[in-house]
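As provided, coords.csv (CSV, C-alpha atoms) reads as follows.
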```csv
chain,number,residue,atom,x,y,z
A,375,MET,CA,21.2,-18.2,7.9
A,376,THR,CA,20.7,-21.8,8.6
A,377,VAL,CA,18.4,-23.7,6.2
A,378,GLY,CA,15.1,-24.6,7.9
A,379,THR,CA,15.1,-21.6,10.3
A,380,SER,CA,13.7,-18.2,10.0
A,381,ARG,CA,15.0,-15.0,11.6
A,382,VAL,CA,13.5,-11.7,12.7
A,383,LEU,CA,14.9,-8.7,10.7
A,384,THR,CA,15.5,-5.1,11.6
A,385,ARG,CA,14.3,-2.3,9.3
A,386,ASP,CA,18.0,-1.7,8.3
A,387,GLU,CA,18.5,-5.3,7.4
A,388,LEU,CA,15.3,-5.2,5.4
A,389,ARG,CA,16.5,-2.1,3.5
A,390,ALA,CA,19.9,-3.7,2.9
A,391,LEU,CA,18.1,-6.8,1.4
A,392,PHE,CA,16.1,-4.5,-1.0
A,393,GLU,CA,19.2,-2.6,-2.0
A,394,SER,CA,21.0,-5.9,-2.7
A,395,ALA,CA,18.5,-7.0,-5.3
A,396,GLY,CA,20.2,-7.9,-8.6
A,397,HIS,CA,17.3,-8.7,-10.9
A,398,SER,CA,13.9,-8.7,-9.2
A,399,VAL,CA,11.8,-7.7,-6.2
A,400,PHE,CA,8.2,-9.1,-5.9
A,401,ARG,CA,5.8,-8.3,-3.1
A,402,LEU,CA,2.5,-10.0,-2.3
A,403,GLU,CA,-0.1,-8.0,-0.3
A,404,THR,CA,-3.2,-9.5,1.1
A,405,LEU,CA,-4.8,-7.2,3.6
A,406,ARG,CA,-7.9,-5.1,3.2
A,407,VAL,CA,-6.4,-2.3,5.4
A,408,TYR,CA,-2.9,-1.3,6.2
A,409,ASP,CA,-2.3,1.1,9.1
A,410,ALA,CA,0.9,2.8,7.9
A,411,SER,CA,2.3,5.6,10.0
A,412,GLY,CA,1.9,9.0,8.2
A,413,GLU,CA,-0.8,7.9,5.8
A,414,ALA,CA,-3.8,9.1,7.7
A,415,GLU,CA,-3.7,12.7,6.3
A,416,ARG,CA,-3.1,11.4,2.8
A,417,GLN,CA,-6.1,9.0,3.1
A,418,GLU,CA,-8.3,11.8,4.3
A,419,ALA,CA,-7.3,14.1,1.5
A,420,PHE,CA,-7.9,11.3,-1.0
A,421,ALA,CA,-11.3,10.5,0.4
A,422,ALA,CA,-12.3,14.2,0.3
A,423,GLY,CA,-11.1,14.5,-3.3
A,424,ARG,CA,-8.4,17.1,-2.3
A,425,GLU,CA,-5.0,17.5,-3.8
A,426,GLY,CA,-2.0,16.7,-1.7
A,427,TRP,CA,-2.6,13.0,-1.1
A,428,GLN,CA,0.2,11.9,-3.4
A,429,ARG,CA,3.6,11.0,-2.1
A,430,SER,CA,6.4,13.5,-2.6
A,431,GLY,CA,9.0,12.9,-5.4
A,432,ASP,CA,11.6,12.1,-2.8
A,433,ASP,CA,9.6,9.4,-1.1
A,434,GLU,CA,12.1,6.7,0.0
A,435,SER,CA,10.2,3.7,-1.5
A,436,LEU,CA,9.5,5.4,-4.8
A,437,ARG,CA,13.1,6.6,-5.0
A,438,MET,CA,14.4,3.0,-4.4
A,439,ILE,CA,12.2,1.6,-7.1
A,440,ARG,CA,13.3,4.3,-9.6
A,441,GLU,CA,17.0,3.9,-8.8
A,442,THR,CA,17.1,0.1,-8.8
A,443,THR,CA,14.8,-0.2,-11.9
A,444,ALA,CA,17.3,2.1,-13.7
A,445,GLN,CA,20.0,-0.5,-12.8
A,446,GLY,CA,17.9,-3.4,-14.3
A,447,VAL,CA,16.0,-4.6,-11.2
A,448,ALA,CA,12.4,-5.6,-12.1
A,449,TRP,CA,9.9,-4.6,-9.4
A,450,SER,CA,6.4,-6.0,-9.2
A,451,ARG,CA,3.7,-6.6,-6.7
A,452,ALA,CA,0.3,-8.3,-6.6
A,453,HIS,CA,-2.4,-7.4,-4.2
A,454,VAL,CA,-4.9,-10.2,-3.6
A,455,LEU,CA,-8.1,-8.5,-2.6
A,456,GLU,CA,-11.8,-9.0,-2.5
A,457,GLU,CA,-14.8,-6.9,-3.2
A,458,PRO,CA,-16.4,-4.8,-2.1
A,459,LEU,CA,-13.3,-2.7,-1.7
A,460,THR,CA,-12.6,-0.9,1.5
A,461,ASP,CA,-12.0,2.8,1.5
A,462,TYR,CA,-8.3,2.0,2.2
A,463,LEU,CA,-8.1,-0.3,-0.9
A,464,ARG,CA,-9.6,2.4,-3.1
A,465,PHE,CA,-6.9,4.8,-1.8
A,466,GLU,CA,-4.2,2.2,-2.3
A,467,LEU,CA,-5.2,1.4,-5.8
A,468,ALA,CA,-4.9,5.1,-6.7
A,469,ALA,CA,-1.6,5.3,-4.9
A,470,TYR,CA,-0.2,2.3,-6.8
A,471,ARG,CA,-0.1,4.6,-9.9
A,472,GLU,CA,2.8,6.3,-8.3
A,473,ASN,CA,4.6,2.9,-7.9
A,474,GLU,CA,3.9,2.2,-11.6
A,475,ALA,CA,5.3,5.6,-12.6
A,476,ALA,CA,8.4,4.8,-10.6
A,477,GLY,CA,8.8,1.5,-12.6
A,478,GLU,CA,7.0,-1.1,-10.6
A,479,ALA,CA,4.5,-3.4,-12.3
A,480,VAL,CA,1.3,-3.7,-10.2
A,481,TRP,CA,-1.1,-6.6,-10.5
A,482,ILE,CA,-4.5,-7.1,-8.9
A,483,ALA,CA,-5.9,-10.5,-8.1
A,484,ASP,CA,-9.5,-10.7,-6.9
A,485,ARG,CA,-10.5,-13.5,-4.5
A,486,THR,CA,-14.1,-12.8,-5.2
A,487,ARG,CA,-13.6,-14.0,-8.8
A,488,HIS,CA,-10.9,-16.6,-8.0
A,489,PRO,CA,-11.7,-18.5,-4.8
A,490,GLU,CA,-8.5,-20.6,-5.3
A,491,LEU,CA,-6.7,-17.5,-3.9
A,492,ALA,CA,-8.4,-18.0,-0.5
A,493,ASP,CA,-5.3,-19.4,1.2
A,494,LEU,CA,-3.1,-16.5,0.1
A,495,THR,CA,-3.1,-14.6,3.4
A,496,GLU,CA,0.5,-13.8,4.1
A,497,ASP,CA,2.3,-10.7,3.0
A,498,PHE,CA,5.8,-11.4,1.7
A,499,VAL,CA,8.6,-10.2,-0.5
A,500,LEU,CA,10.8,-12.3,-2.8
A,501,ILE,CA,14.2,-10.8,-3.8
A,502,ASP,CA,15.9,-12.3,-6.7
A,503,ASP,CA,13.7,-15.3,-6.2
A,504,HIS,CA,16.0,-16.7,-3.5
A,505,VAL,CA,15.5,-14.4,-0.5
A,506,GLY,CA,12.1,-14.3,1.1
A,507,ILE,CA,10.8,-11.9,3.8
A,508,LEU,CA,7.5,-12.3,5.6
A,509,PHE,CA,5.7,-9.0,6.7
A,510,HIS,CA,3.8,-9.5,9.9
A,511,TYR,CA,0.7,-7.4,10.8
A,512,ASP,CA,-1.8,-7.3,13.6
A,513,GLN,CA,-5.6,-7.4,13.0
A,514,LEU,CA,-5.7,-3.7,12.4
A,515,GLY,CA,-3.1,-3.8,9.7
A,516,ARG,CA,-0.3,-2.3,11.8
A,517,ARG,CA,3.1,-3.7,10.8
A,518,LEU,CA,4.6,-5.8,13.6
A,519,GLY,CA,7.9,-6.7,12.0
A,520,TYR,CA,9.7,-8.7,9.3
A,521,GLU,CA,11.0,-12.2,9.3
A,522,ARG,CA,13.4,-13.9,6.8
A,523,ILE,CA,11.8,-16.9,5.3
A,524,ALA,CA,13.8,-20.1,5.8
A,525,ASP,CA,15.4,-21.3,2.6
A,526,ASP,CA,13.6,-24.6,2.7
A,527,GLN,CA,10.2,-22.7,2.7
A,528,LEU,CA,10.9,-20.5,-0.3
A,529,ASP,CA,9.2,-22.9,-2.8
A,530,ARG,CA,5.9,-22.4,-1.0
A,531,TYR,CA,6.1,-18.6,-1.4
A,532,ARG,CA,7.2,-18.9,-5.1
A,533,GLN,CA,4.1,-21.0,-5.6
A,534,HIS,CA,1.9,-18.4,-3.9
A,535,ARG,CA,3.4,-15.7,-6.1
A,536,ASP,CA,2.8,-17.7,-9.2
A,537,LEU,CA,-0.8,-18.5,-8.2
A,538,ALA,CA,-1.5,-14.8,-7.5
A,539,LEU,CA,0.0,-13.7,-10.8
A,540,ALA,CA,-1.9,-16.5,-12.7
A,541,HIS,CA,-5.2,-14.9,-11.6
A,542,ALA,CA,-4.2,-11.2,-11.7
A,543,VAL,CA,-4.6,-8.4,-14.1
A,544,ARG,CA,-2.5,-5.3,-14.4
A,545,LEU,CA,-3.6,-2.3,-12.3
A,546,VAL,CA,-4.8,-0.4,-15.4
A,547,ASP,CA,-7.0,-3.3,-16.4
A,548,TYR,CA,-8.6,-3.8,-13.0
A,549,PRO,CA,-12.2,-2.5,-13.2
A,550,ALA,CA,-12.3,-0.9,-9.8
A,551,THR,CA,-9.2,1.2,-10.2
A,552,PRO,CA,-10.1,4.9,-9.5
```

Show this structure as structure tokens.
Amino acid sequence: MTVGTSRVLTRDELRALFESAGHSVFRLETLRVYDASGEAERQEAFAAGREGWQRSGDDESLRMIRETTAQGVAWSRAHVLEEPLTDYLRFELAAYRENEAAGEAVWIADRTRHPELADLTEDFVLIDDHVGILFHYDQLGRRLGYERIADDQLDRYRQHRDLALAHAVRLVDYPATP
């Protein structure tokens, strides 16, 4: 990739970047709702208090976290949110427990309490602190695609990560965790 340019990624390229991680994967999430395919039934079961909303043990993302964590890769994410929580965020906070059980450290940063987080509005991933990927969504939270962050823009995203983490608490310490 040429410094100063960004490039749209395929899902396979994204997966390969995750699998290439040598020491860390960090994700920043900022939306109030994500419209992920296949989650509607899980969300309904969760909202109704029924069993069966949890992901299966062979879920691809949880498996990747477990396998790479066992190889020494530190996974973490921060979700910058605001209260009142949406129904989706209540569901997601509960689902994050599965990520933590797989080995990912989950952090919650509340814009309501920390207005300096107002400008953190882009979802992204940093892999080994030197590969960045933007996640693009529409207004309904549907994923539109992925874009590799230009090398000369990485410092901005590292600063966003650091700002979010400076105002975050671990999932277990967040007062609204179900």

Between A:Trp427, A:Phe420, A:Phe465, A:Tyr548, which has the minimum distance to Ala452 of chain A (counting only C-alpha atoms)?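 Going through A:Trp427, A:Phe420, A:Phe465, A:Tyr548 one by one, the smallest distance to Ala452 of chain A is for A:Tyr548.
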
Could you tell me which of A:Ile507, A:Ala483, A:Ala524, A:Ala395 comes closest to Trp449 of chain A if we count only C-alpha atoms?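 Of the candidates, the smallest distance to Trp449 of chain A is held by A:Ala395.
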
Could you check which of A:His397, A:Glu466, A:Glu457, A:Arg389 is closest to Gln417 of chain A, using all atoms listed in the file?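 Counting all atoms listed in the file, the residue closest to Gln417 of chain A is A:Glu466.
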
I'd like the neighbourhood of Val543 of chain A as a list of chain:residue names, where a residue qualifies if any of its atoms comes within 8 Å (using all atoms listed in the file), though same-chain residues fewer than 2 positions away should be ignored.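 Listing them by chain and then by number gives A:Trp481, A:Ile482, A:Ala483, A:Leu539, A:His541, A:Leu545, A:Asp547, A:Tyr548.
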
One decimal, in Å: what's the spacing between atom CA of Asp497 of chain A and atom CA of Asp525 of chain A?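 Going from atom CA of Asp497 of chain A over to atom CA of Asp525 of chain A, I get 16.9 Å.
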
Between A:Ser450, A:Thr460, A:Ser435, A:Gln533, which residue has the minimum interatomic distance to Glu403 of chain A, considering only C-alpha atoms?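 Smallest distance to Glu403 of chain A is found for A:Ser450.
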
Would you list the contacts of Gln527 of chain A as number ranges by chain, taking every protein, DNA or RNA residue within 12 Å and counting only C-alpha atoms, but skipping same-chain residues closer than 2 positions in sequence? A: 377-380, 500, 504-508, 522-525, 529-534

Counting all atoms listed in the file, the residue of A:Glu456, A:Glu434, A:Glu521, A:Glu413 that sits nearest Ala492 of chain A: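 Ranking A:Glu456, A:Glu434, A:Glu521, A:Glu413 by distance to Ala492 of chain A, first place goes to A:Glu456.
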
Nearest to Arg416 of chain A among A:Tyr462, A:Ile439, A:Asp386, A:Arg517, with distances taken over all atoms listed in the file: which residue is it?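 Nearest to Arg416 of chain A: A:Tyr462.
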
Figure out the distance between atom CA of Arg429 of chain A and atom CA of Thr495 of chain A, please, to one decimal in Å. 27.0 Å

For the atom pair atom CA of Glu472 of chain A and atom CA of Leu405 of chain A, what is the interatomic distance in Å to one decimal place?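 Here the two named atoms are 19.5 Å from each other.
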